[in-house]
>>> print(open('input14.tsv').read())   # TSV, C-alpha atoms
chain	number	residue	atom	x	y	z
A	1	MET	CA	-96.24	-116.87	-84.76
A	2	ASP	CA	-96.91	-113.35	-86.14
A	3	PHE	CA	-99.56	-111.24	-84.59
A	4	SER	CA	-100.44	-108.49	-86.99
A	5	VAL	CA	-103.12	-106.97	-84.82
A	6	ARG	CA	-102.90	-106.30	-81.13
A	7	GLY	CA	-105.86	-105.01	-79.28
A	8	GLY	CA	-107.69	-104.31	-82.47
A	9	GLN	CA	-105.00	-101.84	-83.68
A	10	PRO	CA	-102.58	-102.56	-86.49
A	11	VAL	CA	-98.97	-102.75	-85.52
A	12	HIS	CA	-96.67	-100.53	-87.58
A	13	HIS	CA	-93.22	-101.80	-88.12
A	14	SER	CA	-90.57	-99.19	-88.67
A	15	SER	CA	-88.65	-99.64	-91.83
A	16	PRO	CA	-84.99	-100.31	-91.27
A	17	SER	CA	-84.12	-98.14	-94.26
A	18	THR	CA	-85.94	-95.14	-92.77
A	19	SER	CA	-84.23	-95.41	-89.43
A	20	SER	CA	-80.87	-95.84	-91.07
A	21	GLN	CA	-81.43	-92.74	-93.23
A	22	ALA	CA	-82.35	-90.75	-90.14
A	23	SER	CA	-79.27	-91.88	-88.33
A	24	VAL	CA	-77.06	-91.19	-91.34
A	25	SER	CA	-78.59	-87.80	-91.98
A	26	GLY	CA	-78.18	-86.88	-88.35
A	27	THR	CA	-74.50	-87.55	-88.34
A	28	ALA	CA	-73.65	-86.26	-91.89
A	29	MET	CA	-75.34	-82.78	-91.80
A	30	PRO	CA	-72.90	-79.91	-91.12
A	31	PRO	CA	-73.60	-77.49	-88.30
A	32	VAL	CA	-75.93	-74.64	-89.24
A	33	GLN	CA	-74.36	-71.16	-88.99
A	34	PRO	CA	-76.35	-68.67	-86.98
A	35	LYS	CA	-78.25	-66.23	-89.12
A	36	THR	CA	-77.36	-63.37	-86.82
A	37	ARG	CA	-73.71	-63.42	-87.91
A	38	ARG	CA	-74.54	-63.04	-91.62
A	39	SER	CA	-76.93	-60.19	-90.92
A	40	ASP	CA	-74.31	-58.40	-88.83
A	41	SER	CA	-71.67	-58.64	-91.55
A	42	PHE	CA	-74.15	-57.45	-94.18
A	43	GLY	CA	-75.12	-54.46	-92.06
A	44	GLY	CA	-71.49	-53.50	-91.50
A	45	GLY	CA	-70.71	-53.49	-95.24
A	46	ARG	CA	-73.76	-51.37	-95.96
A	47	ALA	CA	-72.74	-48.80	-93.37
A	48	LEU	CA	-69.25	-48.64	-94.88
A	49	ARG	CA	-70.64	-48.02	-98.33
A	50	ILE	CA	-72.88	-45.24	-97.03
A	51	MET	CA	-69.95	-43.57	-95.29
A	52	SER	CA	-67.89	-43.79	-98.48
A	53	VAL	CA	-70.62	-42.14	-100.53
A	54	ILE	CA	-70.99	-39.34	-97.95
A	55	LEU	CA	-67.22	-38.76	-97.94
A	56	LEU	CA	-67.02	-38.59	-101.74
A	57	PHE	CA	-69.96	-36.20	-101.84
A	58	SER	CA	-68.33	-33.93	-99.26
A	59	ILE	CA	-65.05	-33.85	-101.21
A	60	THR	CA	-66.92	-33.01	-104.41
A	61	VAL	CA	-68.78	-30.14	-102.76
A	62	LEU	CA	-65.51	-28.80	-101.33
A	63	LEU	CA	-63.79	-28.87	-104.71
A	64	ILE	CA	-66.72	-27.10	-106.36
A	65	ALA	CA	-66.65	-24.40	-103.67
A	66	ILE	CA	-62.92	-23.83	-104.21
A	67	ALA	CA	-63.37	-23.63	-107.99
A	68	VAL	CA	-66.22	-21.13	-107.66
A	69	SER	CA	-64.22	-18.94	-105.28
A	70	ILE	CA	-61.29	-18.90	-107.71
A	71	TYR	CA	-63.51	-18.35	-110.74
A	72	PHE	CA	-65.41	-15.43	-109.22
A	73	GLY	CA	-62.54	-14.10	-107.15
A	74	GLY	CA	-62.62	-10.78	-109.04
A	75	ASP	CA	-65.84	-9.73	-107.32
A	76	SER	CA	-63.94	-8.58	-104.25
A	77	GLU	CA	-61.55	-6.59	-106.46
A	78	SER	CA	-64.43	-4.84	-108.18
A	79	LYS	CA	-65.35	-3.25	-104.86
A	80	LEU	CA	-62.13	-1.22	-105.08
A	81	VAL	CA	-63.30	0.60	-108.22
A	82	ASN	CA	-64.32	4.20	-107.52
A	83	ALA	CA	-67.50	4.69	-109.55
A	84	GLY	CA	-67.30	8.48	-109.13
A	85	THR	CA	-64.18	8.96	-111.23
A	86	PHE	CA	-62.35	7.66	-114.27
A	87	GLN	CA	-59.98	4.71	-114.39
A	88	ALA	CA	-56.85	4.02	-116.40
A	89	VAL	CA	-56.21	0.50	-117.70
A	90	ASN	CA	-52.96	-0.75	-119.18
A	91	VAL	CA	-53.48	-3.38	-121.87
A	92	SER	CA	-50.85	-5.52	-123.56
A	93	SER	CA	-50.88	-5.29	-127.32
A	94	GLN	CA	-51.38	-8.52	-129.25
A	95	SER	CA	-49.70	-7.22	-132.38
A	96	SER	CA	-46.34	-8.39	-133.62
A	97	VAL	CA	-44.82	-5.09	-132.57
A	98	GLY	CA	-45.87	-5.62	-128.94
A	99	GLY	CA	-46.03	-2.86	-126.37
A	100	THR	CA	-48.92	-1.61	-124.27
A	101	GLN	CA	-51.84	0.76	-124.67
A	102	ILE	CA	-53.46	2.83	-121.92
A	103	TYR	CA	-57.18	3.57	-122.09
A	104	PHE	CA	-59.21	5.85	-119.84
A	105	GLY	CA	-62.86	5.43	-118.93
A	106	ASN	CA	-65.26	3.91	-116.42
A	107	ILE	CA	-64.83	0.28	-115.35
A	108	LYS	CA	-68.29	-1.31	-115.32
A	109	THR	CA	-67.33	-4.97	-114.85
A	110	LEU	CA	-64.19	-6.38	-113.26
A	111	SER	CA	-64.05	-10.16	-112.95
A	112	ALA	CA	-61.49	-12.92	-113.10
A	113	ARG	CA	-62.21	-13.39	-116.82
A	114	TYR	CA	-62.61	-9.94	-118.34
A	115	VAL	CA	-62.91	-6.19	-117.74
A	116	VAL	CA	-65.57	-3.98	-119.34
A	117	LEU	CA	-64.56	-0.34	-119.87
A	118	GLN	CA	-67.10	2.25	-121.05
A	119	ASN	CA	-66.92	5.97	-121.88
A	120	VAL	CA	-63.49	5.21	-123.29
A	121	TYR	CA	-60.81	7.77	-124.20
A	122	TYR	CA	-57.16	7.55	-125.13
A	123	ALA	CA	-54.34	10.07	-125.30
A	124	LEU	CA	-53.29	11.08	-128.78
A	125	PRO	CA	-49.67	10.59	-129.81
A	126	GLY	CA	-47.72	13.74	-129.06
A	127	SER	CA	-49.69	14.59	-125.90
A	128	SER	CA	-47.76	15.94	-122.96
A	129	SER	CA	-48.33	14.65	-119.45
A	130	SER	CA	-49.17	18.12	-118.12
A	131	LYS	CA	-51.66	19.02	-120.87
A	132	PRO	CA	-52.77	15.88	-122.69
A	133	THR	CA	-55.02	15.77	-125.72
A	134	VAL	CA	-57.62	13.01	-125.48
A	135	ALA	CA	-59.94	11.54	-128.09
A	136	PRO	CA	-62.93	9.20	-127.78
A	137	LEU	CA	-62.63	5.57	-128.77
A	138	SER	CA	-64.82	6.14	-131.83
A	139	CYS	CA	-61.98	8.12	-133.39
A	140	GLN	CA	-59.93	4.98	-133.83
A	141	THR	CA	-59.80	3.13	-137.12
A	142	GLY	CA	-63.06	1.29	-137.64
A	143	GLU	CA	-65.04	3.70	-135.42
A	144	PRO	CA	-65.85	1.18	-132.65
A	145	TYR	CA	-68.61	1.60	-130.10
A	146	ASP	CA	-67.87	3.29	-126.80
A	147	GLN	CA	-66.98	0.09	-124.95
A	148	ILE	CA	-63.97	-2.22	-124.61
A	149	VAL	CA	-64.08	-5.80	-123.30
A	150	ILE	CA	-60.55	-6.67	-122.19
A	151	ASN	CA	-59.38	-10.21	-121.59
A	152	ARG	CA	-58.09	-10.43	-118.02
A	153	THR	CA	-54.85	-12.05	-119.17
A	154	ALA	CA	-54.12	-8.95	-121.29
A	155	LEU	CA	-54.72	-6.52	-118.41
A	156	ASN	CA	-51.46	-5.44	-116.77
A	157	TRP	CA	-52.87	-3.00	-114.21
A	158	TRP	CA	-55.67	-0.55	-113.58
A	159	GLU	CA	-55.98	2.49	-111.32
A	160	ASP	CA	-58.43	5.19	-110.25
A	161	LEU	CA	-57.73	8.70	-111.54
A	162	GLN	CA	-57.98	11.76	-109.34
A	163	PRO	CA	-60.83	14.15	-110.22
A	164	LYS	CA	-58.42	17.05	-110.61
A	165	GLY	CA	-55.81	15.12	-112.59
A	166	ALA	CA	-54.68	16.13	-116.06
A	167	ILE	CA	-56.42	13.24	-117.85
A	168	THR	CA	-59.70	13.70	-115.97
A	169	THR	CA	-59.63	17.45	-116.63
A	170	ALA	CA	-58.99	16.86	-120.34
A	171	ILE	CA	-61.90	14.41	-120.59
A	172	VAL	CA	-64.29	16.71	-118.72
A	173	ASN	CA	-63.32	19.68	-120.90
A	174	TYR	CA	-63.80	17.65	-124.05
A	175	GLU	CA	-67.27	16.49	-122.98
A	176	LYS	CA	-68.30	20.04	-122.06
A	177	ALA	CA	-67.16	21.38	-125.42
A	178	ASN	CA	-68.82	18.59	-127.39
A	179	THR	CA	-72.21	17.87	-125.88
A	180	THR	CA	-73.97	16.81	-129.09
A	181	SER	CA	-71.20	15.14	-131.07
A	182	GLN	CA	-67.75	13.69	-130.60
A	183	PRO	CA	-65.37	15.20	-133.12
A	184	CYS	CA	-61.92	13.72	-133.43
A	185	PRO	CA	-59.25	16.20	-132.37
A	186	LYS	CA	-55.98	16.41	-134.22
A	187	ALA	CA	-52.81	15.14	-132.67
A	188	PRO	CA	-50.53	17.87	-131.36
A	189	ALA	CA	-47.29	18.70	-133.08
A	190	ILE	CA	-44.17	16.75	-132.22
A	191	SER	CA	-42.54	19.85	-130.77
A	192	THR	CA	-45.20	19.88	-128.04
A	193	VAL	CA	-44.10	16.48	-126.86
A	194	LEU	CA	-40.48	17.48	-126.71
A	195	GLY	CA	-41.36	20.62	-124.78
A	196	SER	CA	-39.30	22.84	-127.07
A	197	GLU	CA	-40.12	25.56	-129.49
A	198	PRO	CA	-40.61	24.58	-133.07
A	199	THR	CA	-37.32	24.57	-134.87
A	200	THR	CA	-37.22	25.96	-138.38
A	201	THR	CA	-34.60	24.41	-140.55
A	202	SER	CA	-33.57	26.55	-143.45
A	203	THR	CA	-31.99	25.01	-146.44
A	204	THR	CA	-29.53	27.25	-148.25
A	205	THR	CA	-29.49	26.80	-151.95
A	206	PRO	CA	-26.20	27.81	-153.42
A	207	ALA	CA	-26.47	30.79	-155.75
A	208	VAL	CA	-25.94	29.98	-159.35
A	209	THR	CA	-24.13	32.75	-161.29
A	210	SER	CA	-25.23	32.84	-164.83
A	211	THR	CA	-22.53	33.63	-167.33
A	212	THR	CA	-23.53	35.58	-170.38
A	213	THR	CA	-21.43	34.93	-173.42
A	214	THR	CA	-21.26	37.83	-175.84
A	215	THR	CA	-20.41	37.01	-179.37
A	216	THR	CA	-18.96	39.93	-181.33
A	217	THR	CA	-19.62	39.86	-185.00
A	218	PRO	CA	-16.97	41.82	-186.99
A	219	THR	CA	-18.33	44.69	-189.02
A	220	THR	CA	-17.36	44.67	-192.66
A	221	THR	CA	-16.83	48.14	-194.13
A	222	PRO	CA	-17.43	48.16	-197.89
A	223	SER	CA	-14.48	49.53	-199.79
A	224	LYS	CA	-15.00	52.22	-202.42
A	225	THR	CA	-13.31	51.78	-205.81
A	226	THR	CA	-12.30	55.05	-207.55
A	227	THR	CA	-12.35	55.01	-211.36
A	228	GLN	CA	-10.22	57.52	-213.04
>>> encode(input="input14.tsv", output="structure tokens")
Amino acid sequence: MDFSVRGGQPVHHSSPSTSSQASVSGTAMPPVQPKTRRSDSFGGGRALRIMSVILLFSITVLLIAIAVSIYFGGDSESKLVNAGTFQAVNVSSQSSVGGTQIYFGNIKTLSARYVVLQNVYYALPGSSSSKPTVAPLSCQTGEPYDQIVINRTALNWWEDLQPKGAITTAIVNYEKANTTSQPCPKAPAISTVLGSEPTTTSTTTPAVTSTTTTTTTPTTTPSKTTTQ
């Protein structure tokens, strides 16, 4: 006999399929990993990435600082230039002949890339070291402006000139004598460079003796014929 109602309340019968599914699901589900472990591993990887970025940024800043110090390293050398006197710069020639050229003037810029020389003079060929003859840069072919920009790789050396030196004295005397214009002086004679007196070479032309040939024409005396 089946009693569907007990005490006025319906009796609920549990379904055997539902209970079996609950039992099966309870035994078949894998263990759940704690969420705290995944969060810890994620946080550690993030910290490592941040440290890597900071390290790379520091290395980049260091390399830039080294490059800047090398690039602008000539600034400390420029402090050695005496602004109260002239300088001499030795420049390598780029021509096929080669050689060097020395210019005199005032160094205005001295960096790792180039050198700027103003108020430029050069010694004329034939000048002696004790009494040189200088000319302004405008006397060169092409009449350039009074400034030279020298590539640092072409600069062999530079030096400050003493105020009482021969080159400085020659430049000062030239500027005093030519306050309004800059004429181009003539190069001294070669004998001045050698430090000897001019030598006069005489060429002896052999004397030519002219020979006069006298031709004697015989005189014909007419003969007189006597008629008897």
>>> closest_atom_pairs(input="input14.tsv", of="region 44-124 of chain A", to="region 132-153 of chain A", cutoff="6 Å", atoms="only C-alpha atoms", output="JSON lines")
{"residue": "A:Arg113", "atom": "CA", "partner": "A:Arg152", "partner_atom": "CA", "distance": 5.2}
{"residue": "A:Tyr114", "atom": "CA", "partner": "A:Arg152", "partner_atom": "CA", "distance": 4.6}
{"residue": "A:Val115", "atom": "CA", "partner": "A:Ile150", "partner_atom": "CA", "distance": 5.1}
{"residue": "A:Val116", "atom": "CA", "partner": "A:Val149", "partner_atom": "CA", "distance": 4.6}
{"residue": "A:Leu117", "atom": "CA", "partner": "A:Ile148", "partner_atom": "CA", "distance": 5.1}
{"residue": "A:Gln118", "atom": "CA", "partner": "A:Gln147", "partner_atom": "CA", "distance": 4.5}
{"residue": "A:Asn119", "atom": "CA", "partner": "A:Asp146", "partner_atom": "CA", "distance": 5.7}
{"residue": "A:Val120", "atom": "CA", "partner": "A:Leu137", "partner_atom": "CA", "distance": 5.6}
{"residue": "A:Tyr121", "atom": "CA", "partner": "A:Pro136", "partner_atom": "CA", "distance": 4.4}
{"residue": "A:Tyr122", "atom": "CA", "partner": "A:Val134", "partner_atom": "CA", "distance": 5.5}
{"residue": "A:Ala123", "atom": "CA", "partner": "A:Val134", "partner_atom": "CA", "distance": 4.4}
{"residue": "A:Leu124", "atom": "CA", "partner": "A:Val134", "partner_atom": "CA", "distance": 5.8}
>>> closest_residue(input="input14.tsv", among="A:Ile107, A:Phe86, A:Val53, A:Glu159", to="Val172 (chain A)", atoms="only C-alpha atoms")
A:Phe86
>>> closest_residue(input="input14.tsv", among="A:Met51, A:Ala83, A:Ala170, A:Ala88", to="Trp158 (chain A)", atoms="all atoms listed in the file")
A:Ala88
>>> atom_distance(input="input14.tsv", atom1="CA of Thr169 (chain A)", atom2="CA of Thr100 (chain A)")
23.2 Å
>>> closest_residue(input="input14.tsv", among="A:Thr179, A:Gln162, A:Asn173, A:Ser78", to="Thr109 (chain A)", atoms="all atoms listed in the file")
A:Ser78
>>> atom_distance(input="input14.tsv", atom1="CA of Leu48 (chain A)", atom2="CA of Ile64 (chain A)")
24.5 Å
>>> atom_distance(input="input14.tsv", atom1="CA of Pro183 (chain A)", atom2="CA of Gly105 (chain A)")
17.4 Å
>>> residues_around(input="input14.tsv", residues="Ser92 (chain A)", least_positions_apart="5", cutoff="9 Å", atoms="all atoms listed in the file", output="MDAnalysis selection string")
chainID A and resid 98:102 153:156
>>> decode(input="input14.tsv", residues="region 135-161 of chain A", atoms="C-alpha atoms", output="compact mmCIF listing (two decimals), in the first residue's frame")
# COMPACT_ATOMS: atom_id res chain seq x y z
CA ALA A 135 99.73 87.60 -45.44
CA PRO A 136 96.01 87.45 -44.61
CA LEU A 137 93.92 84.52 -45.77
CA SER A 138 92.11 86.71 -48.29
CA CYS A 139 95.31 86.86 -50.33
CA GLN A 140 94.97 83.22 -51.29
CA THR A 141 93.49 82.16 -54.59
CA GLY A 142 89.74 82.68 -54.50
CA GLU A 143 89.95 85.43 -51.84
CA PRO A 144 88.20 83.48 -49.06
CA TYR A 145 86.64 85.05 -45.98
CA ASP A 146 88.71 85.47 -42.85
CA GLN A 147 87.74 82.12 -41.33
CA ILE A 148 88.76 78.48 -41.69
CA VAL A 149 86.71 75.49 -40.50
CA ILE A 150 89.11 72.56 -40.16
CA ASN A 151 87.99 68.97 -39.92
CA ARG A 152 89.38 67.51 -36.70
CA THR A 153 90.78 64.50 -38.54
CA ALA A 154 92.92 66.85 -40.66
CA LEU A 155 94.32 68.72 -37.63
CA ASN A 156 97.76 67.43 -36.65
CA TRP A 157 98.49 69.81 -33.78
CA TRP A 158 97.85 73.32 -32.51
CA GLU A 159 99.77 75.58 -30.14
CA ASP A 160 99.62 79.01 -28.50
CA LEU A 161 102.10 81.59 -29.79
